[in-house]
>>> print(open('entry_5.cif').read())   # mmCIF, C-alpha atoms and all ligand atoms
data_upload
#
loop_
_atom_site.label_atom_id
_atom_site.label_comp_id
_atom_site.auth_asym_id
_atom_site.auth_seq_id
_atom_site.Cartn_x
_atom_site.Cartn_y
_atom_site.Cartn_z
CA MET A 1 0.00 0.00 0.00
CA MET A 2 0.99 3.64 -0.27
CA ALA A 3 1.59 5.44 3.01
CA VAL A 4 3.18 8.71 4.06
CA ALA A 5 5.99 8.22 6.57
CA ILE A 6 8.15 10.46 8.73
CA THR A 7 11.53 9.76 7.11
CA THR A 8 13.48 11.63 9.81
CA PRO A 9 12.46 14.18 12.48
CA GLY A 10 12.13 17.63 10.93
CA GLY A 11 10.02 20.05 8.88
CA PRO A 12 6.99 19.22 6.70
CA MET A 13 9.20 17.98 3.81
CA VAL A 14 10.30 14.92 5.82
CA LEU A 15 6.81 13.50 5.13
CA LYS A 16 7.29 11.26 2.08
CA PRO A 17 5.18 8.63 0.27
CA GLU A 18 6.48 5.07 0.72
CA ARG A 19 5.36 1.51 -0.10
CA ARG A 20 4.43 -0.46 3.03
CA ASP A 21 2.85 -3.86 3.71
CA VAL A 22 -0.88 -3.78 4.35
CA PRO A 23 -1.30 -4.27 8.13
CA LEU A 24 -2.98 -7.46 9.38
CA PRO A 25 -5.92 -7.00 11.77
CA GLY A 26 -5.35 -8.78 15.10
CA PRO A 27 -8.05 -10.28 17.34
CA GLY A 28 -10.90 -7.80 17.80
CA GLU A 29 -9.48 -5.49 15.11
CA ILE A 30 -10.80 -4.39 11.74
CA LEU A 31 -8.79 -3.39 8.67
CA ILE A 32 -10.06 -0.16 7.13
CA ARG A 33 -9.57 0.73 3.46
CA VAL A 34 -8.89 4.39 4.20
CA LYS A 35 -10.72 7.03 2.15
CA ALA A 36 -9.71 10.08 4.20
CA ALA A 37 -7.48 10.83 7.19
CA GLY A 38 -7.63 13.77 9.58
CA VAL A 39 -4.59 15.93 10.37
CA ASN A 40 -4.04 16.97 13.98
CA ARG A 41 -1.52 19.06 15.87
CA PRO A 42 -0.09 15.96 17.60
CA ASP A 43 0.93 14.69 14.09
CA VAL A 44 3.11 17.80 13.79
CA ALA A 45 4.72 17.05 17.17
CA GLN A 46 5.33 13.42 16.09
CA ARG A 47 6.91 14.63 12.83
CA LYS A 48 9.27 16.85 14.82
CA GLY A 49 10.31 13.85 16.92
CA VAL A 50 8.84 15.08 20.23
CA TYR A 51 5.73 12.85 20.39
CA PRO A 52 6.67 9.20 19.76
CA PRO A 53 3.93 6.65 19.03
CA PRO A 54 2.88 4.52 22.04
CA PRO A 55 4.19 0.91 22.21
CA GLY A 56 2.51 -1.32 19.61
CA ALA A 57 1.22 1.55 17.46
CA SER A 58 2.25 2.15 13.84
CA ASP A 59 5.20 4.49 13.29
CA LEU A 60 3.14 6.21 10.56
CA PRO A 61 1.38 9.44 11.61
CA GLY A 62 -2.41 9.74 11.59
CA LEU A 63 -4.81 9.54 14.54
CA GLU A 64 -8.14 9.29 12.70
CA VAL A 65 -9.52 7.85 9.48
CA SER A 66 -12.72 7.16 7.60
CA GLY A 67 -13.28 4.41 5.06
CA GLU A 68 -14.69 0.97 4.39
CA VAL A 69 -14.14 -2.17 6.44
CA ALA A 70 -11.89 -4.34 4.22
CA ALA A 71 -11.17 -7.32 6.51
CA LEU A 72 -12.03 -8.62 9.97
CA GLY A 73 -9.70 -10.00 12.62
CA ALA A 74 -10.80 -12.94 14.80
CA GLU A 75 -13.67 -12.29 17.25
CA VAL A 76 -14.94 -9.12 15.59
CA LYS A 77 -18.61 -8.83 16.51
CA ARG A 78 -20.02 -5.55 15.30
CA TRP A 79 -18.73 -4.88 11.77
CA ARG A 80 -19.01 -6.58 8.38
CA VAL A 81 -16.79 -6.14 5.31
CA GLY A 82 -18.06 -3.11 3.38
CA ASP A 83 -19.38 -1.18 6.41
CA GLN A 84 -18.59 2.53 6.32
CA VAL A 85 -16.81 3.67 9.47
CA CYS A 86 -14.72 6.41 10.98
CA ALA A 87 -12.22 5.50 13.67
CA LEU A 88 -9.70 6.71 16.20
CA THR A 89 -6.29 5.18 15.42
CA PRO A 90 -3.26 5.15 17.74
CA GLY A 91 -1.20 5.99 14.61
CA GLY A 92 -1.05 4.76 11.03
CA GLY A 93 -3.80 6.91 9.54
CA TYR A 94 -1.67 8.40 6.72
CA ALA A 95 -2.01 5.23 4.63
CA GLU A 96 -4.30 3.37 2.25
CA TYR A 97 -5.10 0.80 4.96
CA ALA A 98 -5.19 1.10 8.74
CA ARG A 99 -6.06 -1.36 11.50
CA VAL A 100 -8.02 -0.40 14.58
CA HIS A 101 -9.84 -2.12 17.44
CA GLU A 102 -13.48 -2.57 16.43
CA THR A 103 -14.72 -0.70 19.52
CA ASN A 104 -12.76 2.41 18.51
CA ALA A 105 -14.73 2.70 15.24
CA LEU A 106 -18.11 4.36 14.79
CA PRO A 107 -20.58 4.38 11.90
CA ILE A 108 -20.28 7.33 9.55
CA PRO A 109 -23.12 9.72 10.48
CA ALA A 110 -25.95 9.80 7.93
CA GLY A 111 -25.20 11.99 4.93
CA PHE A 112 -21.55 12.61 5.81
CA THR A 113 -18.81 12.47 3.17
CA TYR A 114 -15.66 10.48 3.89
CA THR A 115 -13.64 13.67 4.32
CA GLU A 116 -16.15 15.06 6.84
CA ALA A 117 -16.22 11.74 8.72
CA ALA A 118 -12.41 11.65 8.93
CA ALA A 119 -12.52 15.03 10.67
CA LEU A 120 -14.57 13.68 13.60
CA PRO A 121 -12.82 11.08 15.79
CA GLU A 122 -9.78 12.82 17.28
CA THR A 123 -11.47 16.05 18.31
CA PHE A 124 -14.82 14.51 19.29
CA PHE A 125 -13.20 11.81 21.47
CA THR A 126 -10.93 14.44 23.06
CA VAL A 127 -13.68 16.98 23.72
CA TRP A 128 -16.23 14.43 24.97
CA HIS A 129 -13.75 12.94 27.42
CA ASN A 130 -12.16 16.14 28.68
CA VAL A 131 -15.06 18.58 28.71
CA PHE A 132 -17.95 16.31 29.64
CA GLN A 133 -16.46 13.23 31.37
CA ARG A 134 -13.53 14.90 33.19
CA GLY A 135 -14.78 18.50 33.35
CA GLY A 136 -18.41 17.52 34.02
CA LEU A 137 -19.81 20.44 32.02
CA LYS A 138 -23.57 20.83 32.46
CA GLY A 139 -26.22 22.90 30.70
CA GLY A 140 -26.45 26.42 32.11
CA GLU A 141 -22.77 26.51 33.13
CA ALA A 142 -20.20 28.90 31.67
CA PHE A 143 -17.55 27.18 29.54
CA LEU A 144 -14.27 28.76 28.37
CA VAL A 145 -12.28 27.10 25.59
CA HIS A 146 -8.95 28.51 24.48
CA GLY A 147 -7.94 28.18 20.81
CA GLY A 148 -11.57 28.36 19.68
CA SER A 149 -10.76 28.20 15.95
CA SER A 150 -8.64 25.03 16.25
CA GLY A 151 -9.93 21.58 15.36
CA ILE A 152 -10.48 20.96 19.08
CA GLY A 153 -11.92 24.43 19.68
CA THR A 154 -14.50 24.35 16.86
CA THR A 155 -15.73 20.98 18.16
CA ALA A 156 -15.82 22.13 21.79
CA ILE A 157 -17.78 25.29 20.97
CA GLN A 158 -20.45 23.39 19.05
CA LEU A 159 -20.83 20.58 21.58
CA ALA A 160 -20.92 22.85 24.62
CA ALA A 161 -23.50 25.11 22.94
CA ALA A 162 -25.60 22.09 21.89
CA PHE A 163 -25.68 20.89 25.51
CA GLY A 164 -26.82 24.30 26.75
CA ALA A 165 -23.64 25.85 28.15
CA TYR A 166 -22.78 29.55 27.90
CA VAL A 167 -19.73 29.42 25.64
CA ILE A 168 -16.77 31.80 25.83
CA THR A 169 -13.71 31.33 23.67
CA THR A 170 -10.35 32.90 22.85
CA ALA A 171 -8.73 33.18 19.41
CA GLY A 172 -5.86 35.13 17.84
CA SER A 173 -7.62 37.29 15.22
CA ALA A 174 -10.91 39.09 14.52
CA GLU A 175 -11.63 36.67 11.65
CA LYS A 176 -11.16 33.66 13.94
CA CYS A 177 -13.36 35.26 16.61
CA GLU A 178 -16.13 35.82 14.05
CA ALA A 179 -15.93 32.16 12.98
CA CYS A 180 -16.28 31.10 16.64
CA LEU A 181 -19.38 33.27 17.07
CA ARG A 182 -20.94 31.76 13.93
CA LEU A 183 -20.39 28.30 15.43
CA GLY A 184 -22.40 29.17 18.52
CA ALA A 185 -19.98 30.85 20.92
CA ASP A 186 -21.72 33.51 23.01
CA ARG A 187 -18.54 35.56 23.46
CA ALA A 188 -15.26 35.40 21.49
CA ILE A 189 -12.21 37.15 22.94
CA ASN A 190 -9.30 38.20 20.70
CA TYR A 191 -6.52 37.38 23.16
CA ARG A 192 -4.07 39.61 21.27
CA THR A 193 -6.11 42.74 21.99
CA GLU A 194 -8.13 41.84 25.11
CA ASP A 195 -7.30 40.39 28.53
CA PHE A 196 -9.27 37.13 28.63
CA VAL A 197 -9.51 37.10 32.44
CA ALA A 198 -11.29 40.46 32.55
CA ALA A 199 -13.46 39.56 29.55
CA VAL A 200 -14.56 36.25 31.12
CA LYS A 201 -15.40 37.97 34.41
CA GLN A 202 -17.41 40.59 32.54
CA ALA A 203 -19.27 38.01 30.43
CA THR A 204 -20.22 35.99 33.55
CA GLU A 205 -21.16 38.97 35.77
CA GLY A 206 -18.10 38.33 37.92
CA ARG A 207 -18.71 34.61 38.51
CA GLY A 208 -16.08 33.17 36.13
CA ALA A 209 -16.08 30.03 33.99
CA ASN A 210 -17.27 26.73 35.49
CA VAL A 211 -15.19 24.64 33.07
CA ILE A 212 -12.05 25.69 31.16
CA LEU A 213 -10.49 23.61 28.36
CA ASP A 214 -6.90 24.75 27.94
CA MET A 215 -4.29 23.83 25.33
CA VAL A 216 -1.90 26.71 26.13
CA GLY A 217 -0.53 26.18 29.69
CA GLY A 218 2.44 28.43 30.59
CA ASP A 219 1.23 31.77 31.93
CA TYR A 220 -2.38 30.74 31.17
CA VAL A 221 -2.32 28.47 34.25
CA ALA A 222 -2.40 31.37 36.71
CA ARG A 223 -4.80 33.32 34.51
CA ASN A 224 -7.16 30.34 34.21
CA TYR A 225 -7.26 30.16 38.03
CA GLU A 226 -8.35 33.83 38.00
CA ALA A 227 -10.93 33.31 35.23
CA ALA A 228 -12.46 30.18 36.86
CA ALA A 229 -15.61 30.20 38.96
CA VAL A 230 -15.73 28.81 42.51
CA GLU A 231 -15.67 24.97 42.22
CA GLY A 232 -14.45 25.41 38.64
CA ARG A 233 -12.83 22.57 36.67
CA ILE A 234 -9.80 23.28 34.47
CA VAL A 235 -8.81 20.59 32.00
CA GLN A 236 -5.34 20.71 30.41
CA ILE A 237 -4.99 18.99 27.04
CA ALA A 238 -1.76 20.59 25.80
CA THR A 239 0.92 23.06 26.81
CA MET A 240 1.64 24.97 23.59
CA GLY A 241 2.57 28.07 25.59
CA GLY A 242 4.91 26.17 27.94
CA ALA A 243 4.83 23.04 30.10
CA VAL A 244 6.27 24.78 33.17
CA ALA A 245 4.35 27.43 35.08
CA SER A 246 4.59 29.38 38.30
CA THR A 247 1.27 30.11 39.98
CA ASP A 248 -0.35 31.16 43.23
CA PHE A 249 -1.93 27.94 44.52
CA SER A 250 -3.95 29.79 47.11
CA ARG A 251 -6.38 30.59 44.26
CA LEU A 252 -6.88 26.85 43.82
CA MET A 253 -7.68 26.39 47.52
CA VAL A 254 -9.84 29.47 47.97
CA LYS A 255 -11.98 28.66 44.94
CA ARG A 256 -11.88 24.89 45.48
CA LEU A 257 -10.77 24.39 41.87
CA VAL A 258 -10.01 21.07 40.21
CA HIS A 259 -7.12 21.18 37.72
CA THR A 260 -6.86 17.96 35.71
CA GLY A 261 -5.79 16.83 32.25
CA SER A 262 -5.28 13.86 29.97
CA THR A 263 -3.74 12.63 26.74
CA LEU A 264 -5.95 10.41 24.60
CA ARG A 265 -3.50 8.49 22.43
CA PRO A 266 -1.84 6.19 25.02
CA ARG A 267 -5.11 5.25 26.76
CA PRO A 268 -6.20 1.58 26.50
CA VAL A 269 -8.74 0.57 23.83
CA GLU A 270 -11.33 -0.08 26.61
CA VAL A 271 -11.22 3.57 27.69
CA LYS A 272 -11.57 4.71 24.07
CA ALA A 273 -14.44 2.23 23.63
CA ASP A 274 -16.24 3.85 26.57
CA ILE A 275 -15.76 7.30 25.02
CA ALA A 276 -17.00 5.96 21.66
CA ALA A 277 -20.15 4.58 23.30
CA GLY A 278 -20.90 7.96 24.90
CA LEU A 279 -20.38 9.73 21.59
CA GLU A 280 -22.60 7.33 19.68
CA ALA A 281 -25.43 7.68 22.21
CA HIS A 282 -25.30 11.42 22.82
CA VAL A 283 -23.44 13.12 19.96
CA TRP A 284 -23.92 11.05 16.79
CA PRO A 285 -27.64 11.99 16.63
CA LEU A 286 -26.61 15.68 16.64
CA LEU A 287 -24.26 15.03 13.70
CA SER A 288 -26.78 12.96 11.72
CA SER A 289 -29.36 15.74 12.08
CA ARG A 290 -26.66 18.32 11.14
CA ARG A 291 -27.24 20.24 14.35
CA ILE A 292 -23.48 20.20 14.52
CA SER A 293 -20.91 19.58 11.76
CA PRO A 294 -17.13 19.46 11.57
CA VAL A 295 -15.63 22.74 10.37
CA MET A 296 -13.65 21.87 7.25
CA ASP A 297 -10.63 24.05 6.52
CA MET A 298 -8.75 22.44 3.59
CA ILE A 299 -8.36 19.01 1.96
CA PHE A 300 -5.02 17.82 0.49
CA PRO A 301 -4.14 14.56 -1.31
CA LEU A 302 -2.41 12.03 0.98
CA ARG A 303 0.80 12.24 -1.10
CA GLU A 304 0.93 15.97 -0.29
CA ALA A 305 0.59 15.56 3.47
CA TRP A 306 3.54 17.95 3.82
CA ARG A 307 1.33 20.75 2.48
CA ALA A 308 -1.29 19.94 5.12
CA HIS A 309 1.35 20.22 7.86
CA GLU A 310 2.60 23.48 6.39
CA ARG A 311 -0.96 24.83 6.47
CA MET A 312 -1.37 23.77 10.11
CA GLU A 313 1.93 25.31 11.17
CA GLU A 314 1.16 28.61 9.41
CA GLY A 315 -1.74 28.85 11.89
CA GLN A 316 -4.22 30.49 9.50
CA HIS A 317 -6.58 27.51 9.40
CA ILE A 318 -10.04 27.48 10.96
CA GLY A 319 -11.27 23.98 11.84
CA LYS A 320 -10.00 20.73 10.37
CA ILE A 321 -7.41 19.88 7.73
CA VAL A 322 -8.01 16.50 6.06
CA LEU A 323 -6.10 14.20 3.66
CA ASP A 324 -7.97 12.63 0.74
CA VAL A 325 -6.77 9.05 0.34
CA ALA A 326 -9.29 7.73 -2.22
N1 LIG B 1 -4.65 15.78 25.25
C1 LIG B 1 -5.22 15.22 24.21
O1 LIG B 1 -5.76 14.12 24.30
C2 LIG B 1 -5.23 15.94 22.90
C3 LIG B 1 -5.88 15.39 21.79
C4 LIG B 1 -5.90 16.11 20.60
C5 LIG B 1 -5.27 17.35 20.54
N2 LIG B 1 -4.63 17.83 21.62
C6 LIG B 1 -3.97 19.14 21.59
O2 LIG B 1 -4.95 20.13 21.43
C7 LIG B 1 -4.39 21.23 20.72
C8 LIG B 1 -5.26 21.57 19.54
O3 LIG B 1 -5.16 20.55 18.57
P1 LIG B 1 -5.71 20.79 17.10
O4 LIG B 1 -5.38 19.57 16.32
O5 LIG B 1 -7.10 21.27 17.20
O6 LIG B 1 -4.71 21.94 16.64
P2 LIG B 1 -4.85 23.23 15.74
O7 LIG B 1 -6.09 23.18 14.93
O8 LIG B 1 -3.57 23.40 15.05
O9 LIG B 1 -4.99 24.40 16.78
C9 LIG B 1 -4.00 24.94 17.58
C10 LIG B 1 -4.59 26.23 18.18
O10 LIG B 1 -3.78 26.68 19.24
C11 LIG B 1 -3.85 28.09 19.29
N3 LIG B 1 -2.56 28.51 19.90
C12 LIG B 1 -1.35 28.06 19.58
N4 LIG B 1 -0.41 28.63 20.38
C13 LIG B 1 -1.08 29.43 21.22
C14 LIG B 1 -0.70 30.28 22.27
N5 LIG B 1 0.58 30.40 22.65
N6 LIG B 1 -1.65 30.98 22.93
C15 LIG B 1 -2.94 30.84 22.58
N7 LIG B 1 -3.39 30.03 21.58
C16 LIG B 1 -2.46 29.35 20.91
C17 LIG B 1 -4.03 28.54 17.85
O11 LIG B 1 -4.95 29.58 17.87
P3 LIG B 1 -4.60 31.10 17.50
O12 LIG B 1 -4.17 31.14 16.06
O13 LIG B 1 -5.88 31.75 17.74
O14 LIG B 1 -3.48 31.48 18.41
C18 LIG B 1 -4.72 27.33 17.19
O15 LIG B 1 -6.10 27.57 17.01
C19 LIG B 1 -2.98 20.81 20.31
O16 LIG B 1 -2.05 21.35 21.20
C20 LIG B 1 -3.02 19.31 20.42
O17 LIG B 1 -1.74 18.76 20.69
C21 LIG B 1 -4.60 17.16 22.80
#
>>> encode(input="entry_5.cif", output="structure tokens")
Amino acid sequence: MMAVAITTPGGPMVLKPERRDVPLPGPGEILIRVKAAGVNRPDVAQRKGVYPPPPGASDLPGLEVSGEVAALGAEVKRWRVGDQVCALTPGGGYAEYARVHETNALPIPAGFTYTEAAALPETFFTVWHNVFQRGGLKGGEAFLVHGGSSGIGTTAIQLAAAFGAYVITTAGSAEKCEACLRLGADRAINYRTEDFVAAVKQATEGRGANVILDMVGGDYVARNYEAAAVEGRIVQIATMGGAVASTDFSRLMVKRLVHTGSTLRPRPVEVKADIAAGLEAHVWPLLSSRRISPVMDMIFPLREAWRAHERMEEGQHIGKIVLDVA
């Protein structure tokens, strides 16, 4: 099969097409004939050599795919050859075939194209787990998501709004803020021109945000503690602004905050299966009815994955970048 590999750690041009053996599905796994693969920021980190694949995962990049079931491993119960699925992969998505545990695949929502379906798993699994399962966001609460125009951010805005939260977001330009408002955010803060702590306090009449989803870290840690409501939950999913921070922990005690975090990729298939079940029950109906949709930025051919990474690193994108594998 054709696949795009990381030939050596480095810039986008180290992504090169290669011939590889088609992977064999193990017990409980399905082989997917990939039609489209999503591009995510962690792929960029893997390409640079700072985010190695977990043990047992493919060395190829790619954390999500859509396509057709091409073969079944032993003991597969749910799927048949020919079923149309999208799936979370622990790696190996930038290829014509990928193998995945059957419980980490979901049916393609009604009416979705393969490229739209490939844009779902990574951000929907991440947001469902971190915002709703870990953060416990409920309708009527105030939710702050940083990086609102990112793949993660555009998903978090739509899901939080659909479940009745008051949604506040930050983004780095007026154009990105407008896109966030169109997606259902109640308030979008341009963090380059406004102090997000003051803006969150103002938008919540002084109460602060009940749940904060943060991918920045660094000096945002102390500022998130200021922007959080009493009993607020702060969920860390990345540290793009720095992994080390100095903060006044008395804010954590006085407000009785919970600061937690997680990384999805190394979790066991059982945990991902549980997230998939929650998504299928509560979120897939919203996708099938088009109440929410993935925000599609640009689509590139698989062979030109380097262009997709260049686009992501330029930081002008809004929503998801996807590779067309068909
Ligand atoms: N923990 C997990 O399980 C998990 C899973 C998936 C993804 N992630 C992480 O989630 C993040 C988003 O992923 P993605 O694929 O959605 O990426 P993406 O679309 O490339 O988005 C990255 C966003 O980060 C914002 N940003 C970057 N540096 C910033 C800074 N210093 N201050 C404020 N905002 C900054 C950018 O917004 P502006 O242009 O507005 O600055 C951009 O919208 C990544 O860091 C990724 O590694 C974590």
>>> residues_near_ligand(input="entry_5.cif", ligand="ligand LIG 1 (chain B)", cutoff="6 Å", atoms="all atoms listed in the file", output="list in words")
Asn40, Arg41, Pro42, Thr126, Gly147, Ser149, Ser150, Gly151, Ile152, Ala171, Gly172, Met215, Val216, Ile237, Ala238, Met240, Gly241, Ser262, Thr263, Leu264, Met312 and Gly315 of chain A
>>> residues_around(input="entry_5.cif", residues="Gly140 of chain A", least_positions_apart="4", cutoff="9 Å", atoms="all atoms listed in the file", output="PyMOL selection string")
chain A and resi 163-166
>>> atom_distance(input="entry_5.cif", atom1="atom CA of Gln316 of chain A", atom2="atom CA of Tyr225 of chain A")
28.7 Å
>>> residues_around(input="entry_5.cif", residues="Tyr220 of chain A", least_positions_apart="2", cutoff="10 Å", atoms="only C-alpha atoms", output="number ranges by chain")
A: 146, 196-197, 214-218, 222-227, 239, 241-242, 245, 247
>>> closest_residue(input="entry_5.cif", among="A:Gly136, A:Ala70, A:Ala273, A:Gln158", to="Thr89 of chain A", atoms="all atoms listed in the file")
A:Ala273
>>> residues_near_point(input="entry_5.cif", point="(-12.5, 28.7, 28.0)", cutoff="8 Å", atoms="all atoms listed in the file", output="PyMOL selection string")
chain A and resi 143-146+167-170+209+211-214
>>> closest_residue(input="entry_5.cif", among="A:Leu31, A:Cys180, A:Leu15, A:Ala118", to="Gly73 of chain A", atoms="only C-alpha atoms")
A:Leu31
>>> residues_around(input="entry_5.cif", residues="segment 19-30 of chain A", least_positions_apart="6", cutoff="10 Å", atoms="all atoms listed in the file", output="number ranges by chain")
A: 1-5, 58, 68-81, 92, 95-105
>>> atom_distance(input="entry_5.cif", atom1="atom CA of Val258 of chain A", atom2="atom CA of Arg192 of chain A")
27.2 Å
>>> atom_distance(input="entry_5.cif", atom1="atom CA of Lys138 of chain A", atom2="atom CA of Phe124 of chain A")
17.0 Å
>>> residues_around(input="entry_5.cif", residues="Leu286 of chain A", least_positions_apart="5", cutoff="12 Å", atoms="all atoms listed in the file", output="NGL selection string")
:A and (109-110 or 158-159 or 161-163 or 279-281 or 291-294)
>>> decode(input="entry_5.cif", residues="segment 262-282 of chain A", atoms="N, CA, C and O atoms", output="mmCIF file, in the first residue's frame")
data_model
loop_
_atom_site.group_PDB
_atom_site.id
_atom_site.type_symbol
_atom_site.label_atom_id
_atom_site.label_comp_id
_atom_site.auth_asym_id
_atom_site.auth_seq_id
_atom_site.Cartn_x
_atom_site.Cartn_y
_atom_site.Cartn_z
ATOM 1 N N SER A 262 -5.451 15.227 30.489
ATOM 2 C CA SER A 262 -5.284 13.864 29.971
ATOM 3 C C SER A 262 -4.698 13.918 28.573
ATOM 4 O O SER A 262 -4.743 14.955 27.916
ATOM 5 N N THR A 263 -4.123 12.802 28.149
ATOM 6 C CA THR A 263 -3.744 12.634 26.745
ATOM 7 C C THR A 263 -4.449 11.376 26.243
ATOM 8 O O THR A 263 -4.415 10.337 26.901
ATOM 9 N N LEU A 264 -5.079 11.474 25.105
ATOM 10 C CA LEU A 264 -5.952 10.411 24.596
ATOM 11 C C LEU A 264 -5.173 9.227 24.032
ATOM 12 O O LEU A 264 -5.505 8.065 24.273
ATOM 13 N N ARG A 265 -4.132 9.513 23.278
ATOM 14 C CA ARG A 265 -3.503 8.490 22.433
ATOM 15 C C ARG A 265 -3.015 7.246 23.195
ATOM 16 O O ARG A 265 -3.236 6.128 22.745
ATOM 17 N N PRO A 266 -2.344 7.399 24.356
ATOM 18 C CA PRO A 266 -1.836 6.186 25.016
ATOM 19 C C PRO A 266 -2.871 5.442 25.847
ATOM 20 O O PRO A 266 -2.543 4.414 26.423
ATOM 21 N N ARG A 267 -4.123 5.935 25.909
ATOM 22 C CA ARG A 267 -5.113 5.245 26.759
ATOM 23 C C ARG A 267 -5.470 3.880 26.165
ATOM 24 O O ARG A 267 -5.483 3.712 24.934
ATOM 25 N N PRO A 268 -5.845 2.917 27.003
ATOM 26 C CA PRO A 268 -6.197 1.577 26.496
ATOM 27 C C PRO A 268 -7.449 1.606 25.620
ATOM 28 O O PRO A 268 -8.284 2.514 25.763
ATOM 29 N N VAL A 269 -7.589 0.595 24.741
ATOM 30 C CA VAL A 269 -8.742 0.567 23.833
ATOM 31 C C VAL A 269 -10.057 0.560 24.610
ATOM 32 O O VAL A 269 -11.057 1.092 24.130
ATOM 33 N N GLU A 270 -10.080 -0.021 25.825
ATOM 34 C CA GLU A 270 -11.328 -0.081 26.607
ATOM 35 C C GLU A 270 -11.794 1.324 26.976
ATOM 36 O O GLU A 270 -12.996 1.612 26.982
ATOM 37 N N VAL A 271 -10.857 2.189 27.329
ATOM 38 C CA VAL A 271 -11.219 3.571 27.687
ATOM 39 C C VAL A 271 -11.771 4.282 26.443
ATOM 40 O O VAL A 271 -12.800 4.974 26.500
ATOM 41 N N LYS A 272 -11.099 4.075 25.314
ATOM 42 C CA LYS A 272 -11.568 4.709 24.071
ATOM 43 C C LYS A 272 -12.928 4.143 23.654
ATOM 44 O O LYS A 272 -13.763 4.861 23.109
ATOM 45 N N ALA A 273 -13.146 2.840 23.944
ATOM 46 C CA ALA A 273 -14.442 2.228 23.633
ATOM 47 C C ALA A 273 -15.549 2.892 24.452
ATOM 48 O O ALA A 273 -16.656 3.143 23.950
ATOM 49 N N ASP A 274 -15.258 3.204 25.703
ATOM 50 C CA ASP A 274 -16.242 3.854 26.567
ATOM 51 C C ASP A 274 -16.566 5.265 26.045
ATOM 52 O O ASP A 274 -17.723 5.681 26.019
ATOM 53 N N ILE A 275 -15.537 5.964 25.592
ATOM 54 C CA ILE A 275 -15.764 7.303 25.023
ATOM 55 C C ILE A 275 -16.595 7.169 23.739
ATOM 56 O O ILE A 275 -17.546 7.933 23.519
ATOM 57 N N ALA A 276 -16.263 6.170 22.912
ATOM 58 C CA ALA A 276 -17.000 5.961 21.661
ATOM 59 C C ALA A 276 -18.480 5.695 21.939
ATOM 60 O O ALA A 276 -19.357 6.224 21.247
ATOM 61 N N ALA A 277 -18.760 4.907 22.979
ATOM 62 C CA ALA A 277 -20.154 4.580 23.304
ATOM 63 C C ALA A 277 -20.915 5.850 23.710
ATOM 64 O O ALA A 277 -22.062 6.064 23.305
ATOM 65 N N GLY A 278 -20.264 6.697 24.500
ATOM 66 C CA GLY A 278 -20.897 7.962 24.904
ATOM 67 C C GLY A 278 -21.168 8.848 23.707
ATOM 68 O O GLY A 278 -22.246 9.463 23.577
ATOM 69 N N LEU A 279 -20.212 8.903 22.795
ATOM 70 C CA LEU A 279 -20.385 9.730 21.591
ATOM 71 C C LEU A 279 -21.536 9.209 20.734
ATOM 72 O O LEU A 279 -22.360 9.982 20.237
ATOM 73 N N GLU A 280 -21.573 7.878 20.562
ATOM 74 C CA GLU A 280 -22.602 7.325 19.681
ATOM 75 C C GLU A 280 -24.001 7.590 20.251
ATOM 76 O O GLU A 280 -24.934 7.903 19.520
ATOM 77 N N ALA A 281 -24.115 7.486 21.580
ATOM 78 C CA ALA A 281 -25.425 7.685 22.212
ATOM 79 C C ALA A 281 -25.838 9.156 22.225
ATOM 80 O O ALA A 281 -26.999 9.490 21.968
ATOM 81 N N HIS A 282 -24.913 10.039 22.539
ATOM 82 C CA HIS A 282 -25.299 11.422 22.821
ATOM 83 C C HIS A 282 -24.949 12.425 21.727
ATOM 84 O O HIS A 282 -25.570 13.479 21.631
#
